[in-house]
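Q: Structure file entry_39.txt (compact mmCIF, C-alpha atoms and all ligand atoms) right here:
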# COMPACT_ATOMS: atom_id res chain seq x y z
CA MET R 1 0.00 0.00 0.00
CA THR R 2 1.38 3.42 -0.91
CA THR R 3 2.01 5.88 1.88
CA THR R 4 1.99 8.88 -0.41
CA THR R 5 -0.53 9.74 -3.08
CA ALA R 6 -0.70 12.57 -5.52
CA ALA R 7 -2.37 15.90 -4.97
CA ALA R 8 -2.56 19.36 -6.45
CA ASP R 9 0.48 19.81 -8.70
CA LEU R 10 1.50 16.24 -8.01
CA ALA R 11 -1.58 14.73 -9.67
CA ASP R 12 0.46 13.01 -12.36
CA PRO R 13 1.91 9.67 -11.14
CA ASP R 14 5.08 10.41 -13.11
CA ASP R 15 5.52 13.66 -11.21
CA LEU R 16 5.06 11.82 -7.95
CA ALA R 17 7.59 9.16 -8.91
CA ASP R 18 9.99 11.98 -9.86
CA LEU R 19 9.36 13.63 -6.51
CA ASP R 20 9.97 10.41 -4.60
CA ALA R 21 13.20 9.86 -6.52
CA SER R 22 14.30 13.44 -5.89
CA ILE R 23 13.57 13.13 -2.16
CA ARG R 24 15.61 9.95 -1.98
CA THR R 25 18.60 11.24 -3.93
CA ASP R 26 18.63 14.82 -2.66
CA PRO R 27 16.59 15.25 0.54
CA GLY R 28 18.39 18.54 1.23
CA ALA R 29 16.64 20.12 -1.80
CA HIS R 30 13.28 19.83 -0.05
CA ARG R 31 11.61 21.28 3.01
CA VAL R 32 8.47 20.09 4.79
CA LEU R 33 6.07 22.31 6.67
CA THR R 34 2.84 21.14 8.24
CA GLY R 35 1.02 21.43 11.55
CA ASP R 36 -2.01 20.80 13.72
CA ARG R 37 -4.34 23.14 15.61
CA PRO R 38 -3.92 22.97 19.40
CA THR R 39 -7.59 22.09 19.91
CA GLY R 40 -7.23 18.62 21.44
CA PRO R 41 -5.34 15.35 21.24
CA LEU R 42 -4.14 14.05 17.88
CA HIS R 43 -6.14 11.15 16.48
CA LEU R 44 -5.78 8.24 14.09
CA GLY R 45 -6.76 10.50 11.16
CA HIS R 46 -3.76 12.71 11.88
CA TYR R 47 -1.49 9.72 12.09
CA PHE R 48 -2.49 8.00 8.85
CA GLY R 49 -3.34 11.27 7.07
CA SER R 50 -0.13 13.17 7.76
CA LEU R 51 2.05 12.25 10.76
CA ARG R 52 3.33 8.96 9.39
CA ASN R 53 4.39 10.72 6.18
CA ARG R 54 6.17 13.39 8.20
CA VAL R 55 8.19 10.82 10.08
CA ARG R 56 9.02 9.02 6.84
CA LEU R 57 10.19 12.24 5.16
CA GLN R 58 12.26 13.26 8.16
CA ARG R 59 13.92 9.85 8.24
CA LEU R 60 14.79 10.31 4.55
CA GLY R 61 16.66 13.47 5.59
CA VAL R 62 14.18 16.21 4.60
CA GLU R 63 14.20 19.24 6.90
CA MET R 64 11.00 19.39 8.95
CA PHE R 65 9.01 22.41 10.18
CA LEU R 66 5.97 21.84 12.40
CA VAL R 67 3.77 24.82 13.17
CA ILE R 68 1.24 24.76 15.99
CA PRO R 69 -1.20 27.41 14.76
CA ASP R 70 -2.54 28.71 18.05
CA TYR R 71 -4.31 31.77 16.59
CA GLN R 72 -6.21 29.39 14.29
CA VAL R 73 -8.02 27.95 17.32
CA ILE R 74 -10.23 31.04 17.51
CA THR R 75 -11.44 30.76 13.93
CA ASP R 76 -14.44 28.63 14.96
CA ARG R 77 -14.86 29.37 18.68
CA ASP R 78 -14.79 32.44 20.90
CA LEU R 79 -12.10 31.37 23.35
CA ALA R 80 -8.92 29.33 23.10
CA ASP R 81 -9.38 26.67 25.76
CA ARG R 82 -6.37 25.06 27.54
CA LEU R 83 -4.01 26.30 24.81
CA ALA R 84 -0.75 25.57 26.67
CA GLU R 85 -1.86 22.06 27.61
CA HIS R 86 -2.99 21.20 24.07
CA THR R 87 0.21 22.64 22.61
CA GLU R 88 2.44 20.57 24.91
CA ASN R 89 0.39 17.48 24.12
CA LEU R 90 0.88 18.00 20.39
CA VAL R 91 4.65 18.11 20.90
CA LEU R 92 4.34 14.94 22.94
CA ASP R 93 2.41 13.22 20.15
CA TYR R 94 5.03 14.32 17.59
CA LEU R 95 7.93 12.98 19.61
CA ALA R 96 6.12 9.75 20.53
CA THR R 97 5.30 8.97 16.89
CA GLY R 98 8.92 9.37 15.84
CA ILE R 99 9.60 13.03 15.00
CA ASP R 100 13.20 13.79 15.96
CA ALA R 101 13.08 17.07 17.87
CA GLU R 102 16.82 17.61 17.39
CA ARG R 103 16.34 17.91 13.65
CA ALA R 104 12.82 19.42 13.49
CA THR R 105 11.73 23.02 14.02
CA ILE R 106 8.57 22.90 16.15
CA PHE R 107 7.00 26.27 17.03
CA THR R 108 3.75 28.08 17.75
CA HIS R 109 2.42 30.58 15.21
CA SER R 110 2.06 33.30 17.87
CA SER R 111 5.76 33.12 18.78
CA VAL R 112 6.84 34.19 15.27
CA PRO R 113 5.61 37.76 14.70
CA ALA R 114 7.00 38.04 11.15
CA LEU R 115 4.39 35.50 10.02
CA ASN R 116 1.71 38.08 10.68
CA GLN R 117 3.53 40.73 8.67
CA LEU R 118 3.73 38.39 5.71
CA LEU R 119 -0.02 38.02 6.01
CA LEU R 120 -0.77 41.62 4.97
CA PRO R 121 0.75 41.58 1.47
CA PHE R 122 -0.53 38.02 1.04
CA LEU R 123 -4.11 39.13 1.80
CA SER R 124 -3.86 41.62 -1.05
CA LEU R 125 -3.22 38.75 -3.48
CA VAL R 126 -6.50 36.94 -2.85
CA SER R 127 -9.99 38.19 -3.68
CA VAL R 128 -12.86 38.20 -1.22
CA ALA R 129 -14.83 35.97 -3.62
CA GLU R 130 -11.99 33.42 -3.55
CA LEU R 131 -12.02 33.43 0.24
CA HIS R 132 -15.79 32.81 0.26
CA ARG R 133 -15.56 29.96 -2.25
CA ASN R 134 -13.18 27.76 -0.17
CA PRO R 135 -15.08 24.46 0.44
CA THR R 136 -13.16 23.55 3.61
CA VAL R 137 -13.88 26.94 5.14
CA LYS R 138 -17.57 26.42 4.26
CA ASP R 139 -17.54 23.01 5.99
CA GLU R 140 -15.85 24.45 9.06
CA ILE R 141 -18.37 27.28 9.21
CA ALA R 142 -21.14 24.65 9.14
CA HIS R 143 -19.54 22.87 12.15
CA SER R 144 -18.54 26.06 13.98
CA SER R 145 -19.89 26.82 17.45
CA GLN R 146 -20.20 30.52 16.57
CA ALA R 147 -23.37 32.28 15.52
CA ALA R 148 -21.54 34.53 13.03
CA VAL R 149 -18.50 33.93 10.83
CA ASN R 150 -15.52 35.95 12.02
CA GLY R 151 -12.85 37.55 9.84
CA LEU R 152 -10.19 35.14 11.04
CA MET R 153 -12.22 32.14 9.81
CA LEU R 154 -12.48 33.60 6.34
CA THR R 155 -8.82 34.56 6.08
CA TYR R 156 -7.06 31.71 7.86
CA PRO R 157 -6.10 29.86 4.64
CA VAL R 158 -4.03 32.97 3.84
CA HIS R 159 -2.38 32.84 7.30
CA GLN R 160 -1.60 29.27 6.48
CA ALA R 161 0.00 30.35 3.22
CA ALA R 162 2.33 32.54 5.32
CA ASP R 163 3.02 29.61 7.66
CA ILE R 164 4.06 27.47 4.68
CA LEU R 165 5.88 30.04 2.58
CA PHE R 166 7.93 31.73 5.30
CA CYS R 167 10.33 28.79 5.33
CA LYS R 168 9.99 28.18 1.58
CA ALA R 169 8.59 24.70 2.12
CA ASP R 170 7.79 22.72 -1.02
CA LEU R 171 6.20 19.66 0.63
CA VAL R 172 3.13 19.80 2.85
CA PRO R 173 1.91 16.42 4.20
CA VAL R 174 -1.79 16.92 4.95
CA GLY R 175 -5.24 15.37 4.88
CA LYS R 176 -7.71 15.90 2.05
CA ASP R 177 -9.51 18.76 3.81
CA GLN R 178 -6.34 20.81 3.36
CA LEU R 179 -6.21 20.65 -0.46
CA PRO R 180 -8.18 23.90 -0.99
CA HIS R 181 -5.83 25.66 1.44
CA LEU R 182 -2.77 24.38 -0.38
CA GLU R 183 -4.31 25.80 -3.54
CA VAL R 184 -4.50 29.20 -1.77
CA ALA R 185 -0.83 28.93 -0.77
CA ARG R 186 0.13 28.07 -4.34
CA THR R 187 -1.92 30.97 -5.70
CA VAL R 188 -0.34 33.38 -3.22
CA ALA R 189 3.16 32.17 -4.13
CA ARG R 190 2.49 32.45 -7.86
CA ARG R 191 0.89 35.90 -7.71
CA PHE R 192 3.56 37.24 -5.36
CA ASN R 193 6.33 35.94 -7.62
CA GLU R 194 4.66 37.49 -10.69
CA ARG R 195 4.15 40.87 -9.10
CA TYR R 196 7.39 41.13 -7.16
CA PRO R 197 10.29 39.31 -8.81
CA HIS R 198 13.90 40.03 -7.82
CA PRO R 199 15.63 42.45 -10.25
CA ASP R 200 17.53 39.50 -11.76
CA GLY R 201 14.23 37.73 -12.56
CA THR R 202 14.47 35.07 -9.81
CA THR R 203 11.48 34.70 -7.51
CA VAL R 204 11.01 34.58 -3.75
CA PHE R 205 8.71 31.60 -3.18
CA PRO R 206 8.54 27.96 -4.31
CA ARG R 207 5.11 26.50 -5.14
CA PRO R 208 4.26 24.12 -2.32
CA GLY R 209 2.62 20.77 -3.08
CA ALA R 210 0.28 18.75 -0.87
CA LEU R 211 1.35 15.25 0.03
CA LEU R 212 -1.62 13.05 0.94
CA GLY R 213 -1.17 10.13 3.33
CA ALA R 214 -2.52 6.60 3.13
CA ALA R 215 -5.83 7.72 4.69
CA PRO R 216 -6.44 11.23 3.30
CA LEU R 217 -9.86 11.40 4.97
CA LEU R 218 -10.28 9.02 7.87
CA LEU R 219 -13.86 8.96 9.14
CA GLY R 220 -14.77 9.33 12.80
CA THR R 221 -17.10 7.17 14.85
CA ASP R 222 -20.13 9.12 13.55
CA GLY R 223 -19.24 8.62 9.89
CA GLY R 224 -18.07 12.23 9.35
CA LYS R 225 -14.45 13.41 9.04
CA MET R 226 -12.57 12.39 12.19
CA SER R 227 -11.84 15.71 13.93
CA LYS R 228 -10.44 16.72 17.28
CA SER R 229 -13.30 19.14 17.83
CA ARG R 230 -16.27 17.02 16.71
CA GLY R 231 -16.39 14.41 19.50
CA ASN R 232 -15.92 11.56 17.00
CA SER R 233 -12.22 10.83 17.23
CA ILE R 234 -10.00 8.05 18.54
CA PRO R 235 -6.96 9.74 20.06
CA LEU R 236 -3.53 8.28 19.38
CA ALA R 237 -2.87 8.35 23.09
CA ALA R 238 -6.14 6.71 24.21
CA ASP R 239 -5.69 3.64 26.42
CA GLU R 240 -6.69 0.22 25.12
CA ASP R 241 -10.06 0.08 26.90
CA THR R 242 -11.01 3.54 25.70
CA THR R 243 -10.02 2.59 22.15
CA ALA R 244 -12.25 -0.50 22.40
CA ARG R 245 -15.18 1.51 23.77
CA LEU R 246 -14.90 4.23 21.11
CA LEU R 247 -14.63 1.72 18.27
CA LYS R 248 -17.56 -0.24 19.64
CA GLY R 249 -19.68 2.89 19.23
CA ALA R 250 -18.55 3.45 15.64
CA LYS R 251 -21.28 3.71 13.02
CA THR R 252 -21.50 0.71 10.66
CA ASP R 253 -24.34 -0.91 8.69
CA ALA R 254 -26.60 -3.95 9.05
CA ASP R 255 -25.07 -6.16 6.32
CA ARG R 256 -23.30 -9.07 8.09
CA ARG R 257 -21.12 -9.81 5.07
CA ILE R 258 -18.11 -7.51 5.46
CA SER R 259 -16.83 -6.05 2.19
CA TYR R 260 -14.54 -3.20 1.15
CA ASP R 261 -16.65 -0.72 -0.80
CA PRO R 262 -15.65 2.87 0.08
CA ALA R 263 -18.40 4.47 -2.03
CA GLY R 264 -21.26 2.16 -1.04
CA ARG R 265 -20.25 1.31 2.55
CA PRO R 266 -18.07 4.22 3.74
CA GLU R 267 -18.14 3.44 7.49
CA VAL R 268 -17.40 -0.28 7.19
CA SER R 269 -14.69 0.44 4.60
CA ASN R 270 -13.16 3.08 6.86
CA LEU R 271 -12.77 0.52 9.67
CA LEU R 272 -11.32 -2.02 7.24
CA LEU R 273 -8.82 0.56 6.02
CA LEU R 274 -7.84 1.37 9.60
CA ALA R 275 -7.18 -2.28 10.44
CA ALA R 276 -5.32 -2.75 7.15
CA LEU R 277 -3.04 0.24 7.78
CA CYS R 278 -2.21 -1.03 11.26
CA GLN R 279 -1.47 -4.54 9.98
CA ASP R 280 0.21 -3.57 6.71
CA ARG R 281 -2.36 -5.53 4.69
CA THR R 282 -5.01 -4.56 2.16
CA PRO R 283 -8.56 -3.75 3.32
CA GLU R 284 -9.84 -6.49 0.99
CA GLU R 285 -7.74 -9.08 2.84
CA VAL R 286 -9.12 -7.94 6.19
CA ALA R 287 -12.69 -8.08 4.82
CA GLU R 288 -12.14 -11.56 3.44
CA GLU R 289 -10.92 -12.79 6.80
CA ILE R 290 -13.95 -11.42 8.67
CA GLY R 291 -16.39 -12.74 6.05
CA ASP R 292 -19.89 -13.04 7.52
CA GLY R 293 -18.80 -12.05 11.04
CA GLY R 294 -20.69 -8.75 10.93
CA ALA R 295 -19.90 -5.41 12.54
CA ALA R 296 -19.01 -6.92 15.94
CA ALA R 297 -16.22 -9.07 14.49
CA LEU R 298 -15.03 -6.15 12.36
CA LYS R 299 -14.80 -3.90 15.42
CA ARG R 300 -12.93 -6.57 17.40
CA THR R 301 -10.41 -6.90 14.58
CA VAL R 302 -9.93 -3.13 14.29
CA THR R 303 -9.57 -2.68 18.05
CA GLU R 304 -6.89 -5.34 18.27
CA ALA R 305 -5.06 -3.95 15.23
CA VAL R 306 -5.09 -0.36 16.53
CA ASN R 307 -4.07 -1.31 20.07
CA GLU R 308 -1.29 -3.53 18.79
CA TYR R 309 0.07 -0.91 16.37
CA PHE R 310 -0.01 1.98 18.84
CA ARG R 311 1.22 0.06 21.91
CA PRO R 312 4.91 1.08 21.52
CA ILE R 313 3.97 4.66 20.55
CA ARG R 314 1.73 4.96 23.61
CA ALA R 315 4.42 3.53 25.89
CA ARG R 316 6.96 5.99 24.53
CA ARG R 317 4.49 8.83 24.96
CA ALA R 318 3.97 7.93 28.62
CA GLU R 319 7.75 8.05 29.18
CA LEU R 320 8.13 11.41 27.45
CA ALA R 321 5.15 12.88 29.34
CA ALA R 322 7.14 12.79 32.56
CA ASP R 323 9.35 15.67 31.37
CA ARG R 324 7.15 18.66 30.48
CA GLY R 325 10.21 20.94 30.69
CA HIS R 326 11.71 19.14 27.70
CA LEU R 327 8.57 19.84 25.64
CA ARG R 328 8.81 23.54 26.45
CA GLU R 329 12.49 23.54 25.54
CA VAL R 330 11.69 21.95 22.16
CA LEU R 331 9.21 24.76 21.50
CA ARG R 332 11.61 27.46 22.66
CA ALA R 333 14.40 26.24 20.38
CA GLY R 334 11.95 25.79 17.48
CA SER R 335 10.58 29.29 17.90
CA GLU R 336 14.08 30.77 17.96
CA ARG R 337 14.99 29.08 14.69
CA ALA R 338 11.63 29.83 13.02
CA ASN R 339 12.05 33.53 13.90
CA VAL R 340 15.46 33.72 12.23
CA ILE R 341 14.07 32.22 9.02
CA ALA R 342 10.83 34.24 9.08
CA ASP R 343 12.75 37.50 9.62
CA ALA R 344 15.00 36.71 6.64
CA THR R 345 12.01 35.94 4.38
CA LEU R 346 10.21 39.08 5.54
CA ALA R 347 13.32 41.16 4.76
CA GLU R 348 13.38 39.65 1.27
CA VAL R 349 9.66 40.38 0.79
CA ARG R 350 10.10 43.99 1.90
CA GLU R 351 13.07 44.35 -0.42
CA VAL R 352 11.31 43.09 -3.57
CA MET R 353 8.28 45.22 -2.69
CA GLY R 354 10.53 48.25 -2.41
CA SER R 355 9.90 49.00 1.27
CA LEU R 356 12.46 51.09 3.12
P1 LIG R 401 -10.20 20.44 14.49
O1 LIG R 401 -11.49 19.70 14.67
O2 LIG R 401 -9.82 21.18 15.72
O3 LIG R 401 -10.16 21.29 13.26
P2 LIG R 401 -8.77 18.35 13.10
O4 LIG R 401 -8.93 16.97 13.59
O5 LIG R 401 -9.53 18.75 11.89
O6 LIG R 401 -9.07 19.30 14.33
P3 LIG R 401 -6.47 19.87 12.26
O7 LIG R 401 -5.54 20.40 13.30
O8 LIG R 401 -7.48 20.82 11.72
O9 LIG R 401 -7.22 18.58 12.87
O10 LIG R 401 -5.66 19.23 11.05
C1 LIG R 401 -4.30 18.87 11.18
C2 LIG R 401 -3.86 18.02 10.01
O11 LIG R 401 -4.45 16.72 10.09
C3 LIG R 401 -4.24 18.56 8.64
O12 LIG R 401 -3.21 18.24 7.74
C4 LIG R 401 -5.47 17.77 8.28
O13 LIG R 401 -5.66 17.66 6.87
C5 LIG R 401 -5.14 16.41 8.88
N1 LIG R 401 -6.37 15.69 9.25
C6 LIG R 401 -7.29 16.11 10.15
N2 LIG R 401 -8.30 15.24 10.24
C7 LIG R 401 -8.02 14.24 9.36
C8 LIG R 401 -8.70 13.04 8.98
N3 LIG R 401 -9.85 12.70 9.53
N4 LIG R 401 -8.12 12.23 8.04
C9 LIG R 401 -6.94 12.57 7.49
N5 LIG R 401 -6.24 13.70 7.81
C10 LIG R 401 -6.78 14.52 8.72
MG MG R 402 -9.50 20.86 11.23
Could you write out this file's structure as C-alpha cells?
Ligand code: ATP
Ligand code: MG

A:
Amino acid sequence: MTTTTAAADLADPDDLADLDASIRTDPGAHRVLTGDRPTGPLHLGHYFGSLRNRVRLQRLGVEMFLVIPDYQVITDRDLADRLAEHTENLVLDYLATGIDAERATIFTHSSVPALNQLLLPFLSLVSVAELHRNPTVKDEIAHSSQAAVNGLMLTYPVHQAADILFCKADLVPVGKDQLPHLEVARTVARRFNERYPHPDGTTVFPRPGALLGAAPLLLGTDGGKMSKSRGNSIPLAADEDTTARLLKGAKTDADRRISYDPAGRPEVSNLLLLAALCQDRTPEEVAEEIGDGGAAALKRTVTEAVNEYFRPIRARRAELAADRGHLREVLRAGSERANVIADATLAEVREVMGSL
C-alpha cells in the first residue's frame, strides 16, 4: 500500500515518482512544513493522514518544520481553551510517533511575529470571492460553534500560506480537507512571484505541493471526518479500553457480510482501512478474513489492530510525558529558529516590494 498519493500539482503519477526519486537522492533540496491546531489530542486520522508521512520524510533526511497554529483555534470558537496544555500534548504526540526534535523546528504561530507581517501583502493577493468559495472553510463554518463567521475564519487559509511560505517549504503532508488551502498557498506564491520578482528575474517563493497520506480522509465514529473538535475521534494516546469503547460505538451498517466498498459502505470500509493500515495488509484481505462475522467481528479486529500498532507509541508517549520541561524547551528552540528564518524571508519580501 502506498504511503503517499498525488495531490494538487502532483496529480500526475510520473511527477510523484519523480518527486519520490528526488527526495531519496537529494533530501536537502526539499523542506516540509505542516502542523495541527492545538484544539485537542491528535487522532488516528492525523497519524495516517499526515504524521506517518512526516516521520518518513524526516527519516529520509528532509528538513521538517511543524507549526502549531494557536491563533487558528479562535477561527471557529470564541475562546482558546487550555491552549498551553494542548500545545504541549501535540509536541508529545510528535515525539512519541517518531519526530526527531533535534532535527525538526517545532514552534507556535504566535511566537513568530514576522508571520503576521507576511499576512498583509498576502491578503492583497486573494480576492474576497476566492475566500468565500473555499469548500473547507464552508464546511468548518457549518460545524462552527459561533453564531456569526468571524474575519479570522475567512482569512485563515491565507495565514496558512504565510506559515508554509515563510520557510519556503515545497512539501506539505496533509489530509484531504487541506487541499483547498494548499491551492491558496500556491496561488499566493504564484501571484507574489509574478508581481514582485527580484531584479535578476528570480522569484522569492517555491510553489508548495500537498502530500496526501494513506488515509487522506479518515472517518470518525459518527461517519463524518474524524476531527479533534467534533467528538468523533480516537486519540492516538487513548488507552486500550477507551479505544475499544470508542470503536464499539462506531457507526457501521446492518449487512453481516463484510466487504470493502468505500463508495457504497463508507463506514465499514473506513474501519477495514484502519485495520489494514495497522497490519500492513489490504482492506480487501481484512474483509475476506472477517467474512460473515458482521460489525461486531469487524470492530474486534480493528480494536486489536489499533491497540497492537499503537502500543509502543503509547508507551513511549507515557515516558516522554514525565518531562514537560523538555517539551517547552523543544518549542523554545523551534521558535528561535523559526524567527530567524521568518525574519529573513520578511526582509526579502520587503526588499522586492521596495519597502524602506
Ligand atoms: P479540528 O477539529 O480542531 O479542526 P482536526 O482533527 O480537523 O481538528 P487539524 O488540526 O485541523 O485537525 O488538522 C491537522 C492536520 O491533520 C491537517 O493536515 C489535516 O488535513 C489532517 N487531518 C485532520 N483530520 C483528518 C482526517 N480525519 N483524516 C486525514 N487527515 C486529517
Ligand atoms: Mg481541522

Q: Enumerate as number ranges by chain the residues within 10 Å of ligand LIG 401 (chain R), counting only C-alpha atoms and all ligand atoms.

A: R: 34-51, 68-69, 72-73, 75-76, 90, 140, 143-144, 172-179, 181, 210-220, 224-233, 235

Q: Could you name the residues that touch R:Val184 at 8 Å or less, counting only C-alpha atoms, but leaving out those on the same chain fewer than 2 positions away, as a compact mmCIF listing (two decimals) with C-alpha atoms, keeping the file's coordinate frame?

A:
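Output file around-v9.txt follows:
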# COMPACT_ATOMS: atom_id res chain seq x y z
CA PRO R 157 -6.10 29.86 4.64
CA VAL R 158 -4.03 32.97 3.84
CA ALA R 161 0.00 30.35 3.22
CA PRO R 180 -8.18 23.90 -0.99
CA HIS R 181 -5.83 25.66 1.44
CA LEU R 182 -2.77 24.38 -0.38
CA ARG R 186 0.13 28.07 -4.34
CA THR R 187 -1.92 30.97 -5.70
CA VAL R 188 -0.34 33.38 -3.22

Q: Counting all atoms listed in the file, figure out which residue out of R:Asp100, R:Asp78, R:Glu183, R:Glu304 gets nearest to R:Arg59.

A: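 For R:Arg59, the nearest of the given residues is R:Asp100.
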
Q: Would you mind reading off the distance between atom CA of R:Val330 and atom MG of ligand MG 402 (chain R), one decimal, in Å?

A: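 Between these atoms lies a distance of 23.9 Å.
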
Q: Excluding stretch 313-315 of chain R and its own-chain neighbours fewer than 4 positions away, which residues fall within 6 Å of it when counting all atoms listed in the file? Please give them as number ranges by chain.

A: R: 96-97, 237

Q: The selected residues should be written to file as a PDB file, keeping the file's coordinate frame (atoms: C-alpha atoms).

A:
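Below you can see part_34.pdb, which holds the result:
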ATOM      1  CA  ALA R  96       6.120   9.750  20.530  1.00  0.00           C
ATOM      2  CA  THR R  97       5.300   8.970  16.890  1.00  0.00           C
ATOM      3  CA  ALA R 237      -2.870   8.350  23.090  1.00  0.00           C
TER       4      ALA R 237
END

Q: Which is closest to R:Leu247 among R:Asp343, R:Asp222, R:Asp163, R:Asp261, if we use all atoms listed in the file?

A: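 Closest to R:Leu247 of all the choices is R:Asp222.
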
Q: I'd like the neighbourhood of R:Glu284 as a PyMOL selection string, where a residue qualifies if any of its atoms comes within 9 Å (using all atoms listed in the file), though same-chain residues fewer than 3 positions away should be ignored.

A: chain R and resi 259-260+272-273+276+281+287-289

Q: Pick the closest to ligand MG 402 (chain R) from R:Val126, R:Ile141, R:Leu236, R:Val149: which is it, counting only C-alpha atoms and all ligand atoms?

A: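 That would be R:Ile141, the residue with the smallest distance to ligand MG 402 (chain R).
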
Q: Name the closest residue to R:Gln58 among the candidates R:Asp81, R:Glu88, R:Asp70, R:Glu102; distances are taken between atoms, counting all atoms listed in the file.

A: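 Answer, going by the shortest atom-to-atom distance: R:Glu102.
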
Q: Find the distance between atom CA of R:Phe205 and atom CA of R:Leu123 and write it in Å to one decimal.

A: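 A separation of 15.7 Å between them.
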
Q: Using all atoms listed in the file, find the one residue out of R:Ala29, R:Cys167, R:Val91, R:Ile99 that sits nearest to R:Arg56.

A: R:Ile99

Q: Counting only C-alpha atoms, which residue out of R:Arg257, R:Tyr309, R:Leu119, R:Glu348 sits closest to R:Glu240?

A: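 The shortest atom-to-atom distance to R:Glu240 comes from R:Tyr309.
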
Q: Please measure the separation of atom CA of R:Gly209 and atom CA of R:Arg190, giving the value in Å to one decimal.

A: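 Spanning atom CA of R:Gly209 to atom CA of R:Arg190 is a straight-line distance of 12.6 Å.
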
Q: Padding 3 Å on every side, please: axis-aligned box over the listed atoms of stretch 146-152 of chain R, centre and edge lengths to one decimal in Å, as lines of an AutoDock Vina configuration file.

A:
center_x = -16.8
center_y = 34.0
center_z = 13.2
size_x = 19.2
size_y = 13.0
size_z = 12.7

Q: Tell me which residues come within 9 Å of (-7.1, 0.4, 8.7), as a VMD selection string, counting all atoms listed in the file in the file's coordinates.

A: chain R and resid 48 215 269 to 283 286 302 305 to 306

Q: If we count only C-alpha atoms and set the cut-off at 6 Å, which residues sit around R:Leu33, ignoring sequence neighbours fewer than 2 positions away in its own chain? Please answer as a list of chain:residue names.

A: R:Phe65, R:Leu66, R:Ile164, R:Ala169, R:Val172

Q: List as a list of chain:residue names the protein and nucleic acid residues near R:Leu60, meaning an atom at most 9 Å away when all atoms listed in the file are counted, but skip any in the same chain fewer than 2 places from it.

A: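 Residues meeting the cut-off are R:Ile23, R:Arg24, R:Pro27, R:Val55, R:Arg56, R:Leu57, R:Gln58, R:Val62.
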